[in-house]
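Visitor: This one is model-v8.cif, mmCIF, C-alpha atoms.
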data_protein
#
loop_
_atom_site.label_atom_id
_atom_site.label_comp_id
_atom_site.auth_asym_id
_atom_site.auth_seq_id
_atom_site.Cartn_x
_atom_site.Cartn_y
_atom_site.Cartn_z
CA MET A 1 0.00 0.00 0.00
CA VAL A 2 1.31 3.43 -0.96
CA LEU A 3 0.58 4.93 2.48
CA SER A 4 2.96 2.46 4.16
CA THR A 5 5.81 3.68 1.92
CA MET A 6 5.17 7.27 3.05
CA SER A 7 7.20 8.58 5.96
CA PHE A 8 5.54 10.87 8.48
CA GLU A 9 7.42 13.73 6.84
CA GLU A 10 5.94 12.93 3.42
CA LYS A 11 2.43 12.78 4.86
CA SER A 12 3.16 16.07 6.62
CA VAL A 13 4.13 17.66 3.27
CA TRP A 14 0.86 16.40 1.75
CA VAL A 15 -1.07 17.96 4.63
CA SER A 16 0.75 21.29 4.31
CA LEU A 17 0.20 21.37 0.55
CA LEU A 18 -3.51 20.68 0.83
CA VAL A 19 -3.98 23.14 3.69
CA ILE A 20 -2.33 26.10 1.99
CA LEU A 21 -4.02 25.28 -1.31
CA LEU A 22 -7.40 25.19 0.39
CA VAL A 23 -6.98 28.28 2.57
CA PHE A 24 -4.98 30.56 0.32
CA THR A 25 -6.90 29.78 -2.87
CA GLY A 26 -9.89 31.17 -0.97
CA TYR A 27 -7.88 34.11 0.34
CA PHE A 28 -6.49 35.11 -3.07
CA SER A 29 -9.74 34.66 -4.98
CA GLN A 30 -11.43 37.02 -2.52
CA THR A 31 -8.55 39.51 -2.36
CA PHE A 32 -7.84 39.69 -6.10
CA GLU A 33 -11.55 40.14 -6.78
CA GLY A 34 -11.55 43.12 -4.41
CA LEU A 35 -8.34 44.50 -5.94
CA ALA A 36 -9.72 44.22 -9.48
CA ALA A 37 -12.96 45.93 -8.50
CA GLY A 38 -11.08 48.56 -6.51
CA THR A 39 -13.21 47.80 -3.45
CA LEU A 40 -10.58 46.16 -1.24
CA ALA A 41 -9.94 48.09 1.96
CA LYS A 42 -6.64 47.72 3.79
CA SER A 43 -8.40 46.70 7.01
CA THR A 44 -10.43 44.02 5.18
CA ALA A 45 -7.30 42.66 3.49
CA LEU A 46 -5.45 42.49 6.81
CA ALA A 47 -8.37 40.83 8.60
CA THR A 48 -8.75 38.26 5.79
CA PHE A 49 -5.02 37.55 5.91
CA VAL A 50 -5.03 37.07 9.69
CA VAL A 51 -8.02 34.71 9.42
CA ALA A 52 -6.22 32.75 6.68
CA VAL A 53 -3.04 32.40 8.76
CA ILE A 54 -5.03 31.26 11.81
CA ALA A 55 -6.93 28.76 9.61
CA VAL A 56 -3.64 27.37 8.28
CA ILE A 57 -2.24 26.94 11.82
CA VAL A 58 -5.42 25.27 13.16
CA LEU A 59 -5.79 22.94 10.15
CA GLU A 60 -2.09 22.03 10.18
CA ILE A 61 -2.23 21.10 13.88
CA ALA A 62 -5.51 19.16 13.55
CA LEU A 63 -4.44 17.20 10.46
CA HIS A 64 -0.98 16.44 11.88
CA ILE A 65 -2.69 15.00 14.95
CA VAL A 66 -4.82 12.83 12.63
CA ILE A 67 -1.83 11.46 10.68
CA ALA A 68 0.06 10.88 13.93
CA ILE A 69 -2.89 8.87 15.31
CA PHE A 70 -2.91 6.65 12.20
CA SER A 71 0.85 6.07 12.24
CA PRO A 72 2.13 6.69 15.79
CA LYS A 73 5.42 4.83 15.25
CA ASP A 74 6.26 6.91 12.15
CA ALA A 75 5.32 10.11 13.98
CA ASP A 76 8.04 9.36 16.53
CA SER A 77 10.73 9.01 13.86
CA PRO A 78 12.67 12.23 13.39
CA ARG A 79 13.37 13.67 9.93
CA ASP A 80 16.21 11.76 8.36
CA GLU A 81 18.77 12.54 5.65
CA ARG A 82 16.37 11.67 2.81
CA ASP A 83 13.73 14.09 4.15
CA ARG A 84 16.35 16.82 4.55
CA LEU A 85 17.83 16.22 1.08
CA PHE A 86 14.44 16.39 -0.66
CA ALA A 87 13.46 19.51 1.34
CA MET A 88 16.75 21.19 0.41
CA ARG A 89 16.46 20.34 -3.29
CA ALA A 90 12.86 21.56 -3.38
CA GLY A 91 13.80 24.68 -1.41
CA ASN A 92 16.54 25.47 -3.88
CA ILE A 93 14.17 25.46 -6.86
CA SER A 94 11.29 27.14 -5.03
CA GLY A 95 13.74 29.89 -4.03
CA TYR A 96 14.15 30.71 -7.73
CA VAL A 97 10.35 30.73 -8.12
CA LEU A 98 10.07 33.18 -5.22
CA GLY A 99 12.89 35.35 -6.58
CA PHE A 100 11.26 35.49 -10.01
CA GLY A 101 7.89 36.37 -8.47
CA VAL A 102 9.37 39.17 -6.36
CA LEU A 103 11.18 40.52 -9.43
CA VAL A 104 7.97 40.58 -11.50
CA VAL A 105 6.05 42.38 -8.72
CA ALA A 106 8.88 44.87 -8.20
CA VAL A 107 9.10 45.70 -11.92
CA GLN A 108 5.32 46.00 -12.17
CA ALA A 109 5.26 48.31 -9.15
CA LEU A 110 8.01 50.47 -10.67
CA ILE A 111 6.34 50.73 -14.08
CA HIS A 112 2.74 51.13 -13.00
CA ASP A 113 1.17 53.21 -10.31
CA HIS A 114 0.28 50.36 -7.96
CA ASP A 115 -0.40 50.97 -4.30
CA ALA A 116 1.09 49.07 -1.36
CA LEU A 117 -2.00 46.85 -1.06
CA TRP A 118 -1.57 45.65 -4.63
CA SER A 119 2.15 45.00 -4.21
CA ALA A 120 1.71 43.32 -0.81
CA ASN A 121 -0.86 40.88 -2.15
CA PHE A 122 1.12 40.01 -5.25
CA LEU A 123 4.22 39.49 -3.08
CA LEU A 124 2.13 37.18 -0.88
CA PHE A 125 1.02 35.41 -4.04
CA ALA A 126 4.68 34.88 -5.02
CA VAL A 127 5.33 33.36 -1.58
CA PHE A 128 2.23 31.16 -2.02
CA VAL A 129 3.32 29.90 -5.46
CA SER A 130 6.89 29.20 -4.31
CA GLN A 131 5.58 27.30 -1.28
CA ILE A 132 3.31 25.21 -3.50
CA ALA A 133 6.33 24.53 -5.73
CA SER A 134 8.39 23.48 -2.72
CA TYR A 135 5.77 21.03 -1.43
CA ALA A 136 4.98 19.65 -4.90
CA LEU A 137 8.67 19.09 -5.66
CA GLN A 138 9.25 17.32 -2.35
CA LEU A 139 6.34 14.98 -3.11
CA PHE A 140 7.72 14.40 -6.60
CA TYR A 141 11.12 13.44 -5.15
CA TYR A 142 9.53 11.13 -2.55
CA ARG A 143 7.55 9.28 -5.23
CA ARG A 144 10.21 9.19 -7.94
CA GLY A 145 13.06 8.47 -5.56
CA TYR A 146 16.81 9.19 -5.56
CA MET B 147 18.62 9.75 -13.53
CA LYS B 148 18.29 6.50 -11.63
CA PRO B 149 21.25 5.74 -9.34
CA ALA B 150 23.58 3.08 -10.69
CA ILE B 151 23.88 1.42 -7.30
CA SER B 152 22.28 -1.91 -6.44
CA ASN B 153 22.25 -3.52 -3.02
CA ASN B 154 21.80 -6.76 -1.11
CA ILE B 155 20.07 -5.30 1.93
CA ARG B 156 16.98 -7.44 1.60
CA LYS B 157 19.06 -10.64 1.42
CA LEU B 158 21.25 -9.48 4.31
CA ARG B 159 18.20 -8.70 6.46
CA PHE B 160 16.80 -12.18 5.92
CA ALA B 161 20.19 -13.78 6.56
CA ASN B 162 20.36 -11.89 9.85
CA GLY B 163 17.40 -13.39 11.66
CA GLU B 164 14.84 -11.92 9.27
CA MET B 165 15.55 -8.46 10.57
CA SER B 166 12.66 -6.10 9.84
CA GLN B 167 13.05 -2.85 7.89
CA GLN B 168 12.03 -1.02 11.07
CA ALA B 169 14.75 -2.73 13.14
CA LEU B 170 17.38 -1.82 10.55
CA ALA B 171 16.01 1.73 10.33
CA ASP B 172 16.25 2.11 14.12
CA ALA B 173 19.81 0.74 14.10
CA ILE B 174 21.05 3.21 11.48
CA GLY B 175 18.95 6.23 12.47
CA VAL B 176 16.65 6.67 9.47
CA THR B 177 12.94 6.06 8.90
CA ARG B 178 11.54 2.68 7.83
CA GLN B 179 10.46 4.29 4.56
CA THR B 180 14.06 5.33 3.84
CA VAL B 181 15.23 1.73 4.32
CA TYR B 182 12.46 0.68 1.92
CA ALA B 183 13.60 3.34 -0.62
CA ILE B 184 17.26 2.24 -0.30
CA GLU B 185 16.31 -1.43 -0.79
CA LYS B 186 14.32 -0.57 -3.90
CA ALA B 187 17.30 1.45 -5.24
CA LYS B 188 15.10 4.55 -5.19
CA TYR B 189 17.45 6.38 -2.87
CA SER B 190 21.24 6.31 -2.57
CA PRO B 191 22.12 6.86 1.09
CA SER B 192 24.93 9.02 2.39
CA LEU B 193 28.30 7.34 2.87
CA GLU B 194 27.74 7.47 6.63
CA VAL B 195 24.44 5.58 6.44
CA ALA B 196 25.96 3.12 3.95
CA PHE B 197 28.76 2.33 6.42
CA LYS B 198 26.26 2.00 9.26
CA ILE B 199 24.30 -0.58 7.24
CA ALA B 200 27.48 -2.57 6.56
CA LYS B 201 28.36 -2.40 10.26
CA VAL B 202 24.94 -3.70 11.33
CA PHE B 203 25.43 -6.78 9.15
CA SER B 204 29.17 -7.06 9.97
CA VAL B 205 30.14 -7.03 6.29
CA THR B 206 32.16 -4.72 4.04
CA LEU B 207 30.56 -1.90 2.09
CA ASP B 208 30.87 -3.67 -1.27
CA GLU B 209 29.03 -6.67 0.13
CA VAL B 210 26.07 -4.36 0.69
CA PHE B 211 26.27 -2.00 -2.29
CA GLN B 212 27.47 -2.57 -5.85
CA TYR B 213 28.19 0.21 -8.32
CA GLN B 214 26.67 -0.68 -11.73
CA GLY B 215 27.84 2.35 -13.67
CA ASP B 216 30.65 2.68 -16.23
#
Turn this file's structure into structure tokens for me.
Guide:
Amino acid sequence: MVLSTMSFEEKSVWVSLLVILLVFTGYFSQTFEGLAAGTLAKSTALATFVVAVIAVIVLEIALHIVIAIFSPKDADSPRDERDRLFAMRAGNISGYVLGFGVLVVAVQALIHDHDALWSANFLLFAVFVSQIASYALQLFYYRRGY
Amino acid sequence: MKPAISNNIRKLRFANGEMSQQALADAIGVTRQTVYAIEKAKYSPSLEVAFKIAKVFSVTLDEVFQYQGD
């Protein structure tokens, strides 16, 4: 069974990927809609962001408890060299994704007359995309191997 | 690119009192899933872990791992 070949760390990456996809897809669809319509207030954006961060923390804790209950022995095993290697490789590539995203937002902000709210949300979006890339790459390495 | 290293870990485990993947993992300080990945040649361990595996079975490194490349 595939689940038995998954370390706790791999399951944890799956959880983190699903949680940020779920929460921040909602956050960005709402925020970008407001930005496009020009109706997004700074206070609303901040409140939505805080709610999203709290939701991520709560869901991460709850789902990690669930995977630990289903595989208590694996949950006790610390991260090993394979986990660290895959995280480092994924982090290396996702760092480029983040750098590219920040560059695009910076150039856009310099060319156009965007306000801080616009730039802040697109920077957050760059962080979101690079994090998705990091998790997805780690899962790819776990499944493919080496 | 798939690593060009094969291994005899499965055979060595069975020759050593049918040692489980978990027991080997605990002995060398990795997860059971990493032992599984090494056995399936889906992960090439660090030199340190490779030596630890050889030590557990009291054999030399080349009795555990074989390089299949050019």
Visitor: May I have a table of the residues of chain B lying at most 12 Å from chain A, giving each one's closest pair of atoms and their distance in Å to one decimal, counting all atoms listed in the file, ordered by chain and ascending residue number, as CSV?
Guide:
residue,atom,partner,partner_atom,distance
B:Met147,CA,A:Tyr146,CA,8.2
B:Lys148,CA,A:Tyr146,CA,6.8
B:Pro149,CA,A:Tyr146,CA,6.8
B:Ala150,CA,A:Tyr146,CA,10.5
B:Ile151,CA,A:Tyr146,CA,10.6
B:Gln167,CA,A:Thr5,CA,11.4
B:Gln168,CA,A:Lys73,CA,9.8
B:Ala171,CA,A:Ser77,CA,9.7
B:Asp172,CA,A:Ser77,CA,8.8
B:Ile174,CA,A:Asp80,CA,10.3
B:Gly175,CA,A:Asp80,CA,7.4
B:Val176,CA,A:Asp80,CA,5.2
B:Thr177,CA,A:Ser77,CA,6.2
B:Arg178,CA,A:Ser7,CA,7.6
B:Gln179,CA,A:Thr5,CA,5.4
B:Thr180,CA,A:Arg82,CA,6.8
B:Val181,CA,A:Thr5,CA,9.9
B:Tyr182,CA,A:Thr5,CA,7.3
B:Ala183,CA,A:Gly145,CA,7.1
B:Ile184,CA,A:Tyr146,CA,8.7
B:Glu185,CA,A:Gly145,CA,11.5
B:Lys186,CA,A:Gly145,CA,9.3
B:Ala187,CA,A:Tyr146,CA,7.8
B:Lys188,CA,A:Gly145,CA,4.4
B:Tyr189,CA,A:Tyr146,CA,3.9
B:Ser190,CA,A:Tyr146,CA,6.1
B:Pro191,CA,A:Arg82,CA,7.7
B:Ser192,CA,A:Glu81,CA,7.8
B:Leu193,CA,A:Glu81,CA,11.2
B:Glu194,CA,A:Glu81,CA,10.4
B:Val195,CA,A:Glu81,CA,9.0
B:Ala196,CA,A:Glu81,CA,12.0
Visitor: I need the output of the PyMOL selection byres ((chain A and resi 54-61) around 8) for this file as a list in words; which residues are they?
Guide: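 Given this file, the PyMOL selection byres ((chain A and resi 54-61) around 8) evaluates to Val15, Ser16, Val19, Ile20, Val23, Val50, Val51, Ala52, Val53, Ala62, Leu63, His64 and Ile65 of chain A.
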Visitor: Those same residues - C-alpha atoms - I'd like them written as a CSV table (one decimal), in the frame of the given file.
Guide:
chain,number,residue,atom,x,y,z
A,15,VAL,CA,-1.1,18.0,4.6
A,16,SER,CA,0.8,21.3,4.3
A,19,VAL,CA,-4.0,23.1,3.7
A,20,ILE,CA,-2.3,26.1,2.0
A,23,VAL,CA,-7.0,28.3,2.6
A,50,VAL,CA,-5.0,37.1,9.7
A,51,VAL,CA,-8.0,34.7,9.4
A,52,ALA,CA,-6.2,32.8,6.7
A,53,VAL,CA,-3.0,32.4,8.8
A,62,ALA,CA,-5.5,19.2,13.6
A,63,LEU,CA,-4.4,17.2,10.5
A,64,HIS,CA,-1.0,16.4,11.9
A,65,ILE,CA,-2.7,15.0,15.0
Visitor: Using all atoms listed in the file, which of the listed residues (A:Trp118, A:Ala126, A:Thr25, A:Gln131) sits closest to Leu40 of chain A?
Guide: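 Going through A:Trp118, A:Ala126, A:Thr25, A:Gln131 one by one, the smallest distance to Leu40 of chain A is for A:Trp118.
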Visitor: Find the distance between atom CA of Arg89 of chain A and atom CA of Leu139 of chain A and write it in Å to one decimal.
Guide: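 If I compute the distance from atom CA of Arg89 of chain A to atom CA of Leu139 of chain A, I get 11.5 Å.
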Visitor: Can you tell me which residues surround Tyr96 of chain A at a distance of at most 12 Å, considering only C-alpha atoms, apart from same-chain residues fewer than 2 positions away, and format the answer as a PyMOL selection string?
Guide: chain A and resi 89-94+98-103+126-127+129-131+133-134
Visitor: May I have the selected residues written with C-alpha atoms, as a PDB file, in the coordinates of the input?
Guide:
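So result.pdb came out as:
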ATOM      1  CA  ARG A  89      16.460  20.340  -3.290  1.00  0.00           C
ATOM      2  CA  ALA A  90      12.860  21.560  -3.380  1.00  0.00           C
ATOM      3  CA  GLY A  91      13.800  24.680  -1.410  1.00  0.00           C
ATOM      4  CA  ASN A  92      16.540  25.470  -3.880  1.00  0.00           C
ATOM      5  CA  ILE A  93      14.170  25.460  -6.860  1.00  0.00           C
ATOM      6  CA  SER A  94      11.290  27.140  -5.030  1.00  0.00           C
ATOM      7  CA  LEU A  98      10.070  33.180  -5.220  1.00  0.00           C
ATOM      8  CA  GLY A  99      12.890  35.350  -6.580  1.00  0.00           C
ATOM      9  CA  PHE A 100      11.260  35.490 -10.010  1.00  0.00           C
ATOM     10  CA  GLY A 101       7.890  36.370  -8.470  1.00  0.00           C
ATOM     11  CA  VAL A 102       9.370  39.170  -6.360  1.00  0.00           C
ATOM     12  CA  LEU A 103      11.180  40.520  -9.430  1.00  0.00           C
ATOM     13  CA  ALA A 126       4.680  34.880  -5.020  1.00  0.00           C
ATOM     14  CA  VAL A 127       5.330  33.360  -1.580  1.00  0.00           C
ATOM     15  CA  VAL A 129       3.320  29.900  -5.460  1.00  0.00           C
ATOM     16  CA  SER A 130       6.890  29.200  -4.310  1.00  0.00           C
ATOM     17  CA  GLN A 131       5.580  27.300  -1.280  1.00  0.00           C
ATOM     18  CA  ALA A 133       6.330  24.530  -5.730  1.00  0.00           C
ATOM     19  CA  SER A 134       8.390  23.480  -2.720  1.00  0.00           C
TER      20      SER A 134
END
Visitor: For segment 27-60 of chain A, supply N, CA and C atoms and format the output as a PDB file, in the frame of the given file.
Guide:
ATOM      1  N   TYR A  27      -8.354  32.759  -0.013  1.00  0.00           N
ATOM      2  CA  TYR A  27      -7.880  34.110   0.340  1.00  0.00           C
ATOM      3  C   TYR A  27      -7.610  34.923  -0.925  1.00  0.00           C
ATOM      4  N   PHE A  28      -6.866  34.331  -1.881  1.00  0.00           N
ATOM      5  CA  PHE A  28      -6.490  35.110  -3.070  1.00  0.00           C
ATOM      6  C   PHE A  28      -7.664  35.359  -4.003  1.00  0.00           C
ATOM      7  N   SER A  29      -8.594  34.406  -4.095  1.00  0.00           N
ATOM      8  CA  SER A  29      -9.740  34.660  -4.980  1.00  0.00           C
ATOM      9  C   SER A  29     -10.554  35.841  -4.450  1.00  0.00           C
ATOM     10  N   GLN A  30     -10.677  35.914  -3.128  1.00  0.00           N
ATOM     11  CA  GLN A  30     -11.430  37.020  -2.520  1.00  0.00           C
ATOM     12  C   GLN A  30     -10.654  38.336  -2.636  1.00  0.00           C
ATOM     13  N   THR A  31      -9.368  38.284  -2.353  1.00  0.00           N
ATOM     14  CA  THR A  31      -8.550  39.510  -2.360  1.00  0.00           C
ATOM     15  C   THR A  31      -8.364  40.072  -3.767  1.00  0.00           C
ATOM     16  N   PHE A  32      -8.060  39.197  -4.724  1.00  0.00           N
ATOM     17  CA  PHE A  32      -7.840  39.690  -6.100  1.00  0.00           C
ATOM     18  C   PHE A  32      -9.133  40.232  -6.717  1.00  0.00           C
ATOM     19  N   GLU A  33     -10.259  39.643  -6.309  1.00  0.00           N
ATOM     20  CA  GLU A  33     -11.550  40.140  -6.780  1.00  0.00           C
ATOM     21  C   GLU A  33     -11.750  41.580  -6.287  1.00  0.00           C
ATOM     22  N   GLY A  34     -11.435  41.790  -5.005  1.00  0.00           N
ATOM     23  CA  GLY A  34     -11.550  43.120  -4.410  1.00  0.00           C
ATOM     24  C   GLY A  34     -10.579  44.118  -5.036  1.00  0.00           C
ATOM     25  N   LEU A  35      -9.357  43.628  -5.323  1.00  0.00           N
ATOM     26  CA  LEU A  35      -8.340  44.500  -5.940  1.00  0.00           C
ATOM     27  C   LEU A  35      -8.775  44.919  -7.347  1.00  0.00           C
ATOM     28  N   ALA A  36      -9.293  43.940  -8.108  1.00  0.00           N
ATOM     29  CA  ALA A  36      -9.720  44.220  -9.480  1.00  0.00           C
ATOM     30  C   ALA A  36     -10.887  45.201  -9.509  1.00  0.00           C
ATOM     31  N   ALA A  37     -11.784  45.046  -8.549  1.00  0.00           N
ATOM     32  CA  ALA A  37     -12.960  45.930  -8.500  1.00  0.00           C
ATOM     33  C   ALA A  37     -12.647  47.268  -7.832  1.00  0.00           C
ATOM     34  N   GLY A  38     -11.474  47.324  -7.199  1.00  0.00           N
ATOM     35  CA  GLY A  38     -11.080  48.560  -6.510  1.00  0.00           C
ATOM     36  C   GLY A  38     -11.853  48.779  -5.212  1.00  0.00           C
ATOM     37  N   THR A  39     -12.385  47.680  -4.663  1.00  0.00           N
ATOM     38  CA  THR A  39     -13.210  47.800  -3.450  1.00  0.00           C
ATOM     39  C   THR A  39     -12.505  47.248  -2.208  1.00  0.00           C
ATOM     40  N   LEU A  40     -11.262  46.792  -2.376  1.00  0.00           N
ATOM     41  CA  LEU A  40     -10.580  46.160  -1.240  1.00  0.00           C
ATOM     42  C   LEU A  40     -10.003  47.214  -0.292  1.00  0.00           C
ATOM     43  N   ALA A  41     -10.472  47.161   0.957  1.00  0.00           N
ATOM     44  CA  ALA A  41      -9.940  48.090   1.960  1.00  0.00           C
ATOM     45  C   ALA A  41      -8.758  47.425   2.658  1.00  0.00           C
ATOM     46  N   LYS A  42      -7.830  48.254   3.122  1.00  0.00           N
ATOM     47  CA  LYS A  42      -6.640  47.720   3.790  1.00  0.00           C
ATOM     48  C   LYS A  42      -7.031  46.889   5.015  1.00  0.00           C
ATOM     49  N   SER A  43      -7.992  47.400   5.773  1.00  0.00           N
ATOM     50  CA  SER A  43      -8.400  46.700   7.010  1.00  0.00           C
ATOM     51  C   SER A  43      -9.020  45.341   6.686  1.00  0.00           C
ATOM     52  N   THR A  44      -9.808  45.296   5.588  1.00  0.00           N
ATOM     53  CA  THR A  44     -10.430  44.020   5.180  1.00  0.00           C
ATOM     54  C   THR A  44      -9.347  43.028   4.746  1.00  0.00           C
ATOM     55  N   ALA A  45      -8.380  43.530   3.974  1.00  0.00           N
ATOM     56  CA  ALA A  45      -7.300  42.660   3.490  1.00  0.00           C
ATOM     57  C   ALA A  45      -6.521  42.086   4.667  1.00  0.00           C
ATOM     58  N   LEU A  46      -6.219  42.942   5.644  1.00  0.00           N
ATOM     59  CA  LEU A  46      -5.450  42.490   6.810  1.00  0.00           C
ATOM     60  C   LEU A  46      -6.239  41.459   7.607  1.00  0.00           C
ATOM     61  N   ALA A  47      -7.527  41.752   7.827  1.00  0.00           N
ATOM     62  CA  ALA A  47      -8.370  40.830   8.600  1.00  0.00           C
ATOM     63  C   ALA A  47      -8.465  39.475   7.894  1.00  0.00           C
ATOM     64  N   THR A  48      -8.642  39.514   6.562  1.00  0.00           N
ATOM     65  CA  THR A  48      -8.750  38.260   5.790  1.00  0.00           C
ATOM     66  C   THR A  48      -7.442  37.477   5.883  1.00  0.00           C
ATOM     67  N   PHE A  49      -6.322  38.200   5.829  1.00  0.00           N
ATOM     68  CA  PHE A  49      -5.020  37.550   5.910  1.00  0.00           C
ATOM     69  C   PHE A  49      -4.815  36.883   7.272  1.00  0.00           C
ATOM     70  N   VAL A  50      -5.179  37.622   8.334  1.00  0.00           N
ATOM     71  CA  VAL A  50      -5.030  37.070   9.690  1.00  0.00           C
ATOM     72  C   VAL A  50      -5.890  35.819   9.850  1.00  0.00           C
ATOM     73  N   VAL A  51      -7.123  35.873   9.341  1.00  0.00           N
ATOM     74  CA  VAL A  51      -8.020  34.710   9.420  1.00  0.00           C
ATOM     75  C   VAL A  51      -7.403  33.529   8.657  1.00  0.00           C
ATOM     76  N   ALA A  52      -6.829  33.814   7.485  1.00  0.00           N
ATOM     77  CA  ALA A  52      -6.220  32.750   6.680  1.00  0.00           C
ATOM     78  C   ALA A  52      -5.045  32.109   7.412  1.00  0.00           C
ATOM     79  N   VAL A  53      -4.203  32.937   8.036  1.00  0.00           N
ATOM     80  CA  VAL A  53      -3.040  32.400   8.760  1.00  0.00           C
ATOM     81  C   VAL A  53      -3.503  31.541   9.940  1.00  0.00           C
ATOM     82  N   ILE A  54      -4.507  32.038  10.671  1.00  0.00           N
ATOM     83  CA  ILE A  54      -5.030  31.260  11.810  1.00  0.00           C
ATOM     84  C   ILE A  54      -5.617  29.932  11.305  1.00  0.00           C
ATOM     85  N   ALA A  55      -6.337  29.985  10.178  1.00  0.00           N
ATOM     86  CA  ALA A  55      -6.930  28.760   9.610  1.00  0.00           C
ATOM     87  C   ALA A  55      -5.842  27.757   9.234  1.00  0.00           C
ATOM     88  N   VAL A  56      -4.744  28.254   8.654  1.00  0.00           N
ATOM     89  CA  VAL A  56      -3.640  27.370   8.280  1.00  0.00           C
ATOM     90  C   VAL A  56      -3.057  26.692   9.533  1.00  0.00           C
ATOM     91  N   ILE A  57      -2.834  27.492  10.591  1.00  0.00           N
ATOM     92  CA  ILE A  57      -2.240  26.940  11.820  1.00  0.00           C
ATOM     93  C   ILE A  57      -3.169  25.875  12.431  1.00  0.00           C
ATOM     94  N   VAL A  58      -4.460  26.204  12.536  1.00  0.00           N
ATOM     95  CA  VAL A  58      -5.420  25.270  13.160  1.00  0.00           C
ATOM     96  C   VAL A  58      -5.528  23.980  12.339  1.00  0.00           C
ATOM     97  N   LEU A  59      -5.664  24.127  11.008  1.00  0.00           N
ATOM     98  CA  LEU A  59      -5.790  22.940  10.150  1.00  0.00           C
ATOM     99  C   LEU A  59      -4.524  22.091  10.159  1.00  0.00           C
ATOM    100  N   GLU A  60      -3.368  22.767  10.151  1.00  0.00           N
ATOM    101  CA  GLU A  60      -2.090  22.030  10.180  1.00  0.00           C
ATOM    102  C   GLU A  60      -2.000  21.189  11.463  1.00  0.00           C
TER     103      GLU A  60
END
